[in-house]
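Structure file structure_13.txt (compact mmCIF, C-alpha atoms) follows.
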```txt
# COMPACT_ATOMS: atom_id res chain seq x y z
CA MET A 1 35.83 -1.93 -1.27
CA THR A 2 32.75 0.24 -1.07
CA PRO A 3 29.49 -1.27 -2.26
CA GLY A 4 29.62 0.95 -5.30
CA ASP A 5 32.93 -0.18 -6.66
CA GLN A 6 31.80 -3.58 -7.78
CA PHE A 7 29.37 -2.13 -10.34
CA GLU A 8 31.56 0.61 -11.71
CA SER A 9 32.21 0.63 -15.40
CA ARG A 10 35.23 -1.50 -15.93
CA LEU A 11 36.09 -0.08 -19.31
CA ASN A 12 39.80 0.42 -19.63
CA GLY A 13 41.18 3.82 -20.30
CA GLN A 14 37.87 5.49 -19.54
CA VAL A 15 36.95 7.94 -16.89
CA SER A 16 34.79 6.26 -14.26
CA ASP A 17 31.16 7.20 -13.73
CA LYS A 18 31.99 8.69 -10.36
CA GLU A 19 34.67 10.97 -11.74
CA LEU A 20 32.23 12.10 -14.40
CA MET A 21 29.62 12.78 -11.75
CA GLU A 22 32.12 14.93 -9.87
CA LYS A 23 32.55 16.97 -13.03
CA VAL A 24 28.80 17.14 -13.52
CA ASN A 25 28.59 18.47 -10.00
CA SER A 26 30.68 21.41 -11.10
CA ASP A 27 28.24 22.03 -13.99
CA ASP A 28 30.30 20.31 -16.65
CA THR A 29 27.77 19.45 -19.35
CA SER A 30 30.29 17.61 -21.52
CA ALA A 31 30.88 15.13 -18.70
CA PHE A 32 27.12 14.79 -18.48
CA SER A 33 26.96 14.04 -22.21
CA ILE A 34 29.46 11.24 -21.77
CA LEU A 35 27.32 9.74 -19.02
CA VAL A 36 24.23 10.04 -21.20
CA ASP A 37 25.97 8.26 -24.06
CA ARG A 38 27.18 5.58 -21.73
CA TYR A 39 23.75 4.72 -20.40
CA LYS A 40 21.14 5.82 -22.89
CA VAL A 41 21.05 2.73 -25.09
CA ARG A 42 20.84 0.11 -22.34
CA LEU A 43 18.31 2.13 -20.38
CA PHE A 44 16.29 2.84 -23.51
CA ASN A 45 16.07 -0.86 -24.33
CA LEU A 46 15.04 -1.65 -20.80
CA VAL A 47 12.38 1.05 -20.64
CA TYR A 48 11.09 0.27 -24.10
CA ARG A 49 10.65 -3.40 -23.28
CA LEU A 50 8.91 -2.51 -20.02
CA LEU A 51 6.51 0.02 -21.51
CA GLN A 52 6.24 -1.14 -25.13
CA ASN A 53 6.04 2.38 -26.41
CA ARG A 54 8.83 4.27 -28.10
CA GLU A 55 7.79 7.83 -27.31
CA GLU A 56 7.08 7.06 -23.70
CA ALA A 57 10.35 5.23 -23.38
CA GLU A 58 12.16 8.32 -24.69
CA ASP A 59 10.22 10.55 -22.33
CA ILE A 60 11.12 8.39 -19.38
CA LEU A 61 14.73 8.29 -20.47
CA GLN A 62 14.83 12.04 -20.78
CA GLU A 63 13.24 12.49 -17.37
CA THR A 64 15.77 10.05 -15.91
CA PHE A 65 18.72 12.07 -17.17
CA LEU A 66 17.09 15.34 -16.17
CA ARG A 67 16.71 14.01 -12.67
CA VAL A 68 20.28 12.85 -12.62
CA TYR A 69 21.34 16.36 -13.53
CA ARG A 70 18.93 18.14 -11.23
CA GLU A 71 19.68 15.93 -8.24
CA ARG A 72 23.39 15.68 -9.00
CA GLU A 73 24.30 16.97 -5.59
CA SER A 74 22.29 14.33 -3.79
CA TYR A 75 24.24 11.49 -5.46
CA ASP A 76 26.19 9.58 -2.84
CA PRO A 77 29.51 8.44 -4.32
CA ALA A 78 29.63 5.60 -1.77
CA TYR A 79 27.22 3.81 -4.09
CA ALA A 80 27.58 2.96 -7.74
CA PHE A 81 26.30 5.50 -10.20
CA SER A 82 24.69 2.74 -12.24
CA THR A 83 22.65 1.55 -9.24
CA TRP A 84 21.44 5.10 -8.76
CA ILE A 85 20.45 5.69 -12.37
CA TYR A 86 18.79 2.28 -12.64
CA THR A 87 16.80 3.03 -9.49
CA ILE A 88 15.62 6.34 -10.92
CA THR A 89 14.67 4.75 -14.23
CA LEU A 90 12.83 1.85 -12.65
CA ASN A 91 10.92 4.16 -10.32
CA LEU A 92 9.79 6.27 -13.26
CA CYS A 93 8.72 3.16 -15.16
CA ARG A 94 6.83 1.92 -12.15
CA ASN A 95 4.98 5.23 -11.87
CA GLU A 96 4.17 5.15 -15.55
CA LEU A 97 2.79 1.62 -15.32
CA LYS A 98 0.72 2.64 -12.30
CA ARG A 99 -0.63 5.62 -14.22
CA ARG A 100 -1.58 3.35 -17.09
CA LYS A 101 -3.38 1.04 -14.73
CA LYS A 102 -5.44 4.00 -13.50
CA PHE A 103 -6.26 5.07 -17.04
CA LYS A 104 -7.15 1.53 -17.91
CA PHE A 105 -9.50 1.56 -14.95
CA PHE A 106 -11.23 4.54 -16.51
CA GLY A 107 -11.42 2.76 -19.83
CA ILE A 108 -8.67 4.67 -21.55
CA ASP A 109 -6.06 2.52 -23.20
CA LEU A 110 -2.78 4.36 -23.45
CA ILE A 111 -0.84 1.63 -25.17
CA LYS A 112 -3.09 1.24 -28.17
CA ASN A 113 -0.36 2.08 -30.62
CA SER A 114 2.30 -0.06 -28.98
CA ARG A 115 1.48 -3.06 -31.14
CA GLU A 116 2.21 -1.09 -34.29
CA HIS A 117 5.65 -0.30 -33.00
CA THR A 118 6.37 -3.88 -32.12
CA THR A 119 5.24 -5.15 -35.47
CA GLN A 120 7.04 -2.41 -37.33
CA GLU A 121 10.27 -3.24 -35.64
CA ALA A 122 9.69 -6.95 -35.90
CA LYS A 123 9.59 -6.78 -39.68
CA ASN A 124 13.24 -6.08 -40.12
CA CYS A 125 14.62 -8.82 -37.94
CA ASN A 126 14.37 -12.56 -37.65
CA PRO A 127 10.96 -14.10 -36.88
CA LEU A 128 12.09 -15.75 -33.67
CA SER A 129 13.17 -12.42 -32.31
CA SER A 130 9.69 -10.99 -32.60
CA THR A 131 8.31 -14.15 -30.97
CA LEU A 132 10.78 -13.59 -28.18
CA GLU A 133 9.76 -9.93 -27.82
CA ARG A 134 6.14 -10.95 -27.55
CA ALA A 135 6.96 -13.67 -25.03
CA ILE A 136 8.91 -11.20 -22.88
CA HIS A 137 6.08 -8.72 -23.07
CA SER A 138 3.60 -11.33 -21.91
CA LEU A 139 5.51 -11.87 -18.65
CA PRO A 140 4.03 -10.20 -15.56
CA VAL A 141 5.78 -6.89 -14.85
CA LYS A 142 7.69 -7.97 -11.77
CA TYR A 143 9.14 -10.97 -13.59
CA ARG A 144 9.72 -9.03 -16.78
CA THR A 145 11.68 -6.37 -14.91
CA VAL A 146 14.14 -8.73 -13.25
CA PHE A 147 14.45 -10.82 -16.38
CA LEU A 148 15.34 -7.80 -18.50
CA LEU A 149 17.79 -6.53 -15.91
CA ARG A 150 19.52 -9.88 -15.57
CA ASP A 151 19.41 -11.52 -18.98
CA VAL A 152 19.25 -8.54 -21.30
CA ASN A 153 21.04 -5.79 -19.41
CA GLN A 154 23.37 -8.33 -17.80
CA LEU A 155 23.32 -6.79 -14.34
CA SER A 156 24.50 -8.86 -11.41
CA TYR A 157 21.97 -10.20 -8.93
CA ASP A 158 23.46 -7.95 -6.27
CA HIS A 159 23.09 -4.92 -8.49
CA ILE A 160 19.46 -5.75 -9.30
CA SER A 161 18.68 -6.29 -5.64
CA GLN A 162 20.09 -2.85 -4.81
CA SER A 163 18.40 -1.08 -7.71
CA LEU A 164 14.98 -2.54 -7.00
CA ARG A 165 15.48 -2.58 -3.22
CA ILE A 166 14.33 -6.14 -2.88
CA PRO A 167 16.23 -9.04 -1.28
CA MET A 168 18.69 -10.94 -3.43
CA GLY A 169 16.88 -14.25 -2.83
CA THR A 170 13.71 -12.72 -4.23
CA VAL A 171 15.58 -11.47 -7.29
CA LYS A 172 17.06 -14.91 -7.91
CA SER A 173 13.77 -16.73 -7.58
CA ARG A 174 12.00 -14.19 -9.78
CA VAL A 175 14.65 -14.44 -12.48
CA ASN A 176 14.42 -18.21 -12.42
CA ARG A 177 10.64 -18.11 -12.52
CA ALA A 178 10.71 -15.66 -15.42
CA ARG A 179 13.12 -17.87 -17.37
CA LEU A 180 10.95 -20.92 -16.83
CA MET A 181 7.84 -19.00 -17.91
CA LEU A 182 9.66 -17.85 -20.99
CA ARG A 183 10.81 -21.37 -21.73
CA ASP A 184 7.25 -22.65 -21.53
CA LYS A 185 6.05 -19.91 -23.86
CA LEU A 186 8.84 -20.34 -26.37
CA LYS A 187 9.22 -24.10 -26.43
CA PRO A 188 6.40 -24.91 -28.87
CA LYS A 189 7.33 -21.99 -31.12
CA MET A 190 10.98 -22.98 -31.13
CA LYS A 191 10.08 -26.53 -32.12
CA GLU A 192 7.88 -25.27 -34.93
CA TYR A 193 10.60 -22.99 -36.16
CA HIS A 194 13.31 -25.61 -36.07
CA GLU A 195 11.14 -28.17 -37.79
CA LEU A 196 10.23 -25.69 -40.49
CA SER A 197 13.75 -24.54 -41.14
CA LYS A 198 14.95 -28.16 -40.99
CA SER A 199 18.10 -26.94 -39.45
CA SER A 200 20.10 -29.58 -37.66
CA PRO A 201 19.86 -29.21 -33.90
CA LEU A 202 22.79 -27.53 -32.32
CA PRO A 203 25.01 -29.81 -30.34
CA ILE A 204 24.92 -29.17 -26.65
CA GLN A 205 28.06 -27.42 -25.77
CA LEU A 206 28.66 -28.41 -22.23
CA LEU A 207 30.52 -25.66 -20.49
CA MET B 1 20.96 -34.80 -8.68
CA ASN B 2 17.47 -35.70 -9.86
CA CYS B 3 15.81 -34.57 -13.09
CA ARG B 4 13.58 -32.01 -11.43
CA LYS B 5 16.42 -30.17 -9.79
CA ALA B 6 18.62 -30.44 -12.88
CA ARG B 7 15.92 -28.94 -15.09
CA ARG B 8 15.37 -26.10 -12.68
CA CYS B 9 18.97 -24.98 -12.89
CA LEU B 10 19.52 -25.47 -16.60
CA PHE B 11 19.29 -21.75 -17.31
CA SER B 12 21.71 -20.93 -14.52
CA TYR B 13 23.97 -23.63 -15.95
CA PHE B 14 24.11 -22.04 -19.37
CA LYS B 15 24.32 -18.58 -17.86
CA ASN B 16 27.34 -19.71 -15.90
CA GLU B 17 25.76 -18.80 -12.59
CA LEU B 18 26.42 -22.08 -10.80
CA SER B 19 29.31 -22.99 -8.57
CA GLU B 20 31.91 -25.43 -9.96
CA GLU B 21 30.43 -28.19 -7.84
CA GLU B 22 26.87 -27.64 -9.04
CA LYS B 23 28.06 -27.32 -12.61
CA ALA B 24 29.81 -30.69 -12.43
CA GLU B 25 26.67 -32.23 -10.95
CA VAL B 26 24.45 -30.92 -13.74
CA LYS B 27 26.94 -32.00 -16.38
CA LEU B 28 27.08 -35.48 -14.92
CA HIS B 29 23.30 -35.70 -14.87
CA LEU B 30 22.96 -34.51 -18.47
CA GLU B 31 25.43 -37.10 -19.67
CA GLY B 32 23.40 -39.86 -18.08
CA CYS B 33 19.88 -38.60 -18.83
CA PRO B 34 18.86 -38.18 -22.49
CA GLU B 35 15.51 -36.61 -21.50
CA CYS B 36 17.19 -33.84 -19.62
CA ALA B 37 19.81 -33.47 -22.32
CA ARG B 38 17.02 -32.76 -24.83
CA GLU B 39 15.53 -30.26 -22.42
CA ALA B 40 18.97 -28.72 -22.03
CA LEU B 41 19.18 -28.28 -25.78
CA GLU B 42 15.94 -26.30 -25.73
CA VAL B 43 17.07 -24.18 -22.85
CA GLU B 44 20.39 -23.48 -24.49
CA ARG B 45 18.63 -22.39 -27.67
CA ILE B 46 16.37 -20.06 -25.73
CA ALA B 47 19.23 -18.65 -23.69
CA SER B 48 21.26 -17.93 -26.80
CA LEU B 49 18.17 -16.53 -28.52
CA VAL B 50 17.76 -14.05 -25.70
CA GLU B 51 21.42 -13.15 -25.84
CA GLU B 52 21.78 -12.86 -29.58
CA SER B 53 18.57 -12.09 -31.36
CA LEU B 54 17.11 -9.34 -29.27
CA GLU B 55 17.38 -6.21 -31.29
CA THR B 56 19.22 -3.32 -29.70
CA LEU B 57 17.05 -0.28 -30.07
CA THR B 58 18.44 3.20 -30.00
CA PRO B 59 16.71 6.38 -28.95
CA SER B 60 16.07 8.96 -31.65
CA PRO B 61 19.24 10.65 -33.02
CA ASP B 62 18.34 14.06 -31.61
CA PHE B 63 17.87 12.66 -28.12
CA ASN B 64 21.08 14.15 -26.71
CA GLN B 65 20.38 17.49 -28.27
CA LYS B 66 16.86 17.68 -26.87
CA LEU B 67 18.06 16.57 -23.47
CA LEU B 68 20.87 19.11 -23.30
CA SER B 69 18.57 21.94 -24.30
CA GLN B 70 16.27 20.85 -21.48
CA VAL B 71 19.20 20.73 -19.07
CA GLN B 72 20.22 24.24 -20.04
CA ARG B 73 16.73 25.45 -19.40
CA LEU B 74 16.85 24.10 -15.86
CA PRO B 75 17.08 26.89 -13.30
CA SER B 76 20.51 26.69 -11.74
CA GLU B 77 19.50 27.43 -8.17
CA GLU B 78 15.87 26.63 -7.74
CA VAL B 79 14.97 23.00 -8.08
CA LYS B 80 11.77 22.84 -9.99
CA GLU B 81 9.59 19.86 -10.59
CA ILE B 82 9.28 19.31 -14.31
CA ARG B 83 6.10 17.60 -15.17
CA ARG B 84 6.47 15.16 -17.96
CA THR B 85 2.79 15.39 -18.70
CA PRO B 86 1.26 18.84 -18.71
CA PHE B 87 -2.11 17.10 -18.98
CA SER B 88 -3.42 17.24 -15.44
CA LEU B 89 -5.68 14.20 -15.36
CA THR B 90 -3.07 12.44 -13.24
CA ARG B 91 -3.37 15.18 -10.70
CA ILE B 92 -7.12 14.87 -10.83
CA LEU B 93 -6.76 11.16 -10.30
CA GLY B 94 -4.49 11.86 -7.38
CA LEU B 95 -7.18 14.10 -6.00
CA GLU B 96 -9.65 11.35 -6.70
CA THR B 97 -7.87 9.10 -4.22
CA LYS B 98 -7.78 11.92 -1.67
CA ILE B 99 -11.52 12.44 -2.05
CA LYS B 100 -12.05 8.74 -1.65
CA TRP B 101 -10.15 8.81 1.62
CA ALA B 102 -12.02 11.89 2.78
CA PHE B 103 -15.32 10.16 2.10
CA ALA B 104 -14.20 7.04 3.91
CA GLY B 105 -13.05 9.15 6.88
CA SER B 106 -16.23 11.16 7.18
CA PHE B 107 -18.31 8.03 6.79
CA ILE B 108 -16.51 6.44 9.73
CA VAL B 109 -16.96 9.63 11.78
CA ILE B 110 -20.68 9.68 11.02
CA ILE B 111 -21.06 6.03 11.96
CA LEU B 112 -19.15 6.55 15.22
CA ALA B 113 -21.14 9.66 16.09
CA SER B 114 -24.47 7.97 15.50
CA VAL B 115 -23.43 4.91 17.51
CA LEU B 116 -22.38 7.18 20.38
CA TRP B 117 -25.59 9.15 20.09
CA LEU B 118 -27.70 6.00 20.16
CA THR B 119 -25.89 4.45 23.10
CA HIS B 120 -25.67 7.61 25.18
CA LYS B 121 -29.11 8.88 24.44
CA ARG B 122 -31.14 9.03 27.64
CA ALA B 123 -33.71 6.34 27.83
CA PRO B 124 -37.16 7.88 27.51
CA ILE B 125 -38.81 8.35 30.86
CA ARG B 126 -41.66 5.95 31.11
CA PRO B 127 -43.21 5.97 34.53
CA GLU B 128 -44.83 2.79 35.52
CA PRO B 129 -48.58 2.92 35.32
CA ILE B 130 -50.02 4.12 38.56
CA SER B 131 -51.32 1.19 40.38
CA ARG B 132 -53.46 1.46 43.45
CA GLU B 133 -53.16 -2.20 44.19
CA GLY B 134 -51.72 -3.00 47.57
CA GLN B 135 -52.35 0.50 48.87
CA THR B 136 -54.76 0.32 51.68
CA ALA B 137 -56.83 3.06 53.17
CA GLU B 138 -54.57 2.82 56.19
CA ASP B 139 -51.55 3.89 54.12
CA LEU B 140 -53.28 6.94 52.77
CA GLN B 141 -54.40 7.83 56.20
CA LEU B 142 -50.88 7.62 57.45
CA VAL B 143 -49.75 9.98 54.79
CA ASN B 144 -52.31 12.51 55.54
CA GLN B 145 -51.64 12.64 59.22
CA GLU B 146 -48.57 14.72 59.84
CA GLU B 147 -48.32 14.19 63.56
CA ARG B 148 -47.16 10.59 63.65
CA THR B 149 -44.74 8.95 66.01
CA ASP B 150 -41.31 8.17 64.66
CA SER B 151 -41.78 4.40 64.52
CA LEU B 152 -44.92 4.78 62.45
CA TYR B 153 -43.29 7.25 60.14
CA ARG B 154 -40.32 4.98 59.69
CA GLU B 155 -42.62 2.09 58.87
CA PHE B 156 -44.47 4.30 56.43
CA LEU B 157 -41.30 5.24 54.65
CA ARG B 158 -40.10 1.66 54.53
CA ARG B 159 -43.30 0.48 52.94
CA LEU B 160 -43.47 3.38 50.63
CA MET B 161 -39.98 2.71 49.40
CA GLU B 162 -40.69 -0.96 48.91
CA GLU B 163 -44.03 -0.62 47.26
CA SER B 164 -44.14 2.73 45.62
CA GLN B 165 -43.71 2.95 41.90
CA PHE B 166 -42.76 6.58 42.13
CA LYS B 167 -39.25 6.10 43.47
CA PRO B 168 -39.61 8.05 46.67
CA LYS B 169 -36.11 6.95 47.59
CA THR B 170 -34.70 8.96 44.73
CA TYR B 171 -36.86 11.83 45.67
CA VAL B 172 -35.66 11.83 49.26
CA ILE B 173 -32.05 11.74 48.27
CA GLU B 174 -32.40 14.50 45.77
CA ASN B 175 -34.18 16.73 48.25
CA LEU B 176 -31.72 15.91 50.96
CA LYS B 177 -29.03 17.20 48.70
CA LEU B 178 -31.00 20.34 48.00
CA ALA B 179 -31.64 20.88 51.68
CA GLY B 180 -27.97 20.37 52.42
CA SER B 181 -26.99 22.93 49.86
CA ARG B 182 -29.18 25.45 51.57
CA GLY B 183 -27.36 24.86 54.82
CA VAL B 184 -30.31 23.94 56.96
CA ASP B 185 -29.76 22.21 60.25
CA GLY B 186 -29.97 18.39 60.33
CA MET B 187 -33.27 17.99 62.10
CA GLU B 188 -34.91 20.78 60.22
CA LYS B 189 -33.74 19.22 57.01
CA LEU B 190 -35.38 15.96 57.84
CA GLU B 191 -38.49 17.66 58.99
CA ASP B 192 -38.68 19.66 55.82
CA ILE B 193 -38.19 16.63 53.66
CA ARG B 194 -40.74 14.66 55.58
CA ARG B 195 -43.26 17.39 55.23
CA ARG B 196 -42.81 17.82 51.54
CA PHE B 197 -42.70 14.11 51.04
CA ILE B 198 -46.01 13.61 52.73
CA ILE B 199 -47.62 16.50 50.99
CA GLU B 200 -46.42 15.53 47.57
CA THR B 201 -47.00 11.80 47.72
CA ALA B 202 -50.29 12.10 49.48
CA GLY B 203 -53.24 10.58 47.79
CA TYR B 204 -51.34 9.18 44.88
CA GLY B 205 -53.84 11.03 42.87
CA VAL B 206 -51.49 13.51 41.25
CA ASP B 207 -51.48 13.49 37.51
CA GLU B 208 -48.85 11.65 35.52
CA ARG B 209 -47.00 14.71 34.34
CA ARG B 210 -46.48 15.91 37.84
CA MET B 211 -45.37 12.46 38.88
CA ARG B 212 -42.72 12.52 36.27
CA SER B 213 -41.34 15.90 37.07
CA ASN B 214 -41.31 15.32 40.79
CA TYR B 215 -40.45 11.75 41.37
CA VAL B 216 -38.41 10.44 38.55
CA LEU B 217 -35.14 12.09 39.30
CA PRO B 218 -31.66 10.92 38.51
CA VAL B 219 -30.18 8.64 41.12
CA VAL B 220 -26.99 10.31 42.26
CA SER B 221 -24.71 8.44 44.66
CA THR B 222 -27.54 6.45 46.10
CA GLN B 223 -25.43 4.53 48.56
CA LYS B 224 -23.76 7.53 50.17
CA ALA B 225 -26.88 9.60 50.40
CA SER B 226 -29.08 6.81 51.72
CA ALA B 227 -26.46 6.09 54.36
CA LYS B 228 -26.91 9.65 55.61
CA VAL B 229 -30.64 9.27 55.72
CA ASN B 230 -30.84 7.57 59.02
CA TYR B 231 -34.39 7.65 60.27
```
Write the structure described by the file as structure tokens, please.
Amino acid sequence: MTPGDQFESRLNGQVSDKELMEKVNSDDTSAFSILVDRYKVRLFNLVYRLLQNREEAEDILQETFLRVYRERESYDPAYAFSTWIYTITLNLCRNELKRRKKFKFFGIDLIKNSREHTTQEAKNCNPLSSTLERAIHSLPVKYRTVFLLRDVNQLSYDHISQSLRIPMGTVKSRVNRARLMLRDKLKPKMKEYHELSKSSPLPIQLL
Amino acid sequence: MNCRKARRCLFSYFKNELSEEEKAEVKLHLEGCPECAREALEVERIASLVEESLETLTPSPDFNQKLLSQVQRLPSEEVKEIRRTPFSLTRILGLETKIKWAFAGSFIVIILASVLWLTHKRAPIRPEPISREGQTAEDLQLVNQEERTDSLYREFLRRLMEESQFKPKTYVIENLKLAGSRGVDGMEKLEDIRRRFIIETAGYGVDERRMRSNYVLPVVSTQKASAKVNY
């Protein structure tokens, strides 16, 4: 089993990412469209939650797919396509965050309008969800990244370690740390919410 | 399993990331510890909140269309860097860092150069003040009389070298070298040196500028040269 196989899309009756990439290599844009559809939503959610800005998230997403297409020949099929595309996306996000830091240093705030977006989107869903979004956003970037990859995008620890090129132990400890931070942030709010709604506490379902 | 450890792996427990053994341990602990069971309830709520209530956002509906039109615009052969931001402040900022490094580099070079310059700068020549103390009339007489026996001349040189503030030793060596380079015979060399030595150091009354130019000469291979000077 090559290292890539374990992360391949396991959807039955579907063409695998690698087969699609082979087609993309021979300039098949329809195969490329399938790949885009397969990844755009999960990557968009990841990027959006990292950057907190819709337009920038779309820009990054577009650049990711453009790079995939442009560098299609440099893709090594020995590795999973998803690891590759996640690596590209995360690198672009990292650059963007670095750029913001520089701008911030010069007193220019690029994410001024991000709050509007968050509040706009928070209006049409449950109040705890917006609390959760805010709590996630308040995590330091390195913890936020692994948390999103693990608990929202549901990637395996191994996959995250390969995409971010950091040791698995580090990924595990960061995920755990992020979860504990999140718990500390959410605990008082959760209590408030549950007391207000007077809902009976859920029984612990021991697995 | 103690409470601390159990609480640390509650998330992993609900996320089903623990081994069967660890899972059984946590379960056992939760059954016996109401505190941790309450904590577990919180954690489970948060875990399910993350799983269920996070909204799934979708990119704008014309995303694919825009992307594909971009892809079609890509040159098929030449790989071109597409800048996401045409605004070039980033590039300027990149340059900014380069300038910073250039400044740092030149600063270091300047510091190094000035340190080298200071340490290698020749010490200013400051001849000792001419002192006539300890120089008897006899000495001066000796100098002025060219026709001396060898033992007297040797004695004169010895004393001159010991007492003189004008570094006659250096002078002798330097002139010996000069004489050698002219290819003069050994005895003649010595004779020549002796003569000039006597003439030039006679009287000690020469002015300071002349003293400097004539007597304060760089000491080159003192040991070797003085070994040759065998009076």
Within 6 Å of chain A, which residues belong to chain B? Use only C-alpha atoms and report them as a PDB file with C-alpha atoms, in the frame of the given file.
```
ATOM      1  CA  LEU B  41      19.180 -28.280 -25.780  1.00  0.00           C
ATOM      2  CA  SER B  53      18.570 -12.090 -31.360  1.00  0.00           C
ATOM      3  CA  LEU B  54      17.110  -9.340 -29.270  1.00  0.00           C
ATOM      4  CA  LEU B  57      17.050  -0.280 -30.070  1.00  0.00           C
ATOM      5  CA  THR B  58      18.440   3.200 -30.000  1.00  0.00           C
TER       6      THR B  58
END
```
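Pairwise distance (atom CA of Ala47 of chain B, atom CA of Lys15 of chain B) equals 7.7 Å.
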Place a sphere of radius 8 Å on (12.5, -12.5, -11.9) in the file coordinates and name every protein, DNA or RNA residue with an atom inside or on its surface, counting all atoms listed in the file; give the answer as a PDB file with C-alpha atoms, keeping the file's coordinate frame.
```pdb
ATOM      1  CA  LYS A 142       7.690  -7.970 -11.770  1.00  0.00           C
ATOM      2  CA  TYR A 143       9.140 -10.970 -13.590  1.00  0.00           C
ATOM      3  CA  ARG A 144       9.720  -9.030 -16.780  1.00  0.00           C
ATOM      4  CA  THR A 145      11.680  -6.370 -14.910  1.00  0.00           C
ATOM      5  CA  VAL A 146      14.140  -8.730 -13.250  1.00  0.00           C
ATOM      6  CA  PHE A 147      14.450 -10.820 -16.380  1.00  0.00           C
ATOM      7  CA  THR A 170      13.710 -12.720  -4.230  1.00  0.00           C
ATOM      8  CA  VAL A 171      15.580 -11.470  -7.290  1.00  0.00           C
ATOM      9  CA  LYS A 172      17.060 -14.910  -7.910  1.00  0.00           C
ATOM     10  CA  SER A 173      13.770 -16.730  -7.580  1.00  0.00           C
ATOM     11  CA  ARG A 174      12.000 -14.190  -9.780  1.00  0.00           C
ATOM     12  CA  VAL A 175      14.650 -14.440 -12.480  1.00  0.00           C
ATOM     13  CA  ASN A 176      14.420 -18.210 -12.420  1.00  0.00           C
ATOM     14  CA  ARG A 177      10.640 -18.110 -12.520  1.00  0.00           C
ATOM     15  CA  ALA A 178      10.710 -15.660 -15.420  1.00  0.00           C
ATOM     16  CA  ARG A 179      13.120 -17.870 -17.370  1.00  0.00           C
TER      17      ARG A 179
END
```
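In this structure, atom CA of Thr56 of chain B sits 27.4 Å away from atom CA of Ile166 of chain A.
One finds atom CA of Asp76 of chain A at 27.2 Å from atom CA of Leu50 of chain A.
Distances from A:Thr83, A:Glu192, A:Pro77, A:Leu35 to Ser156 of chain A were compared using only C-alpha atoms, and the smallest one belongs to A:Thr83.
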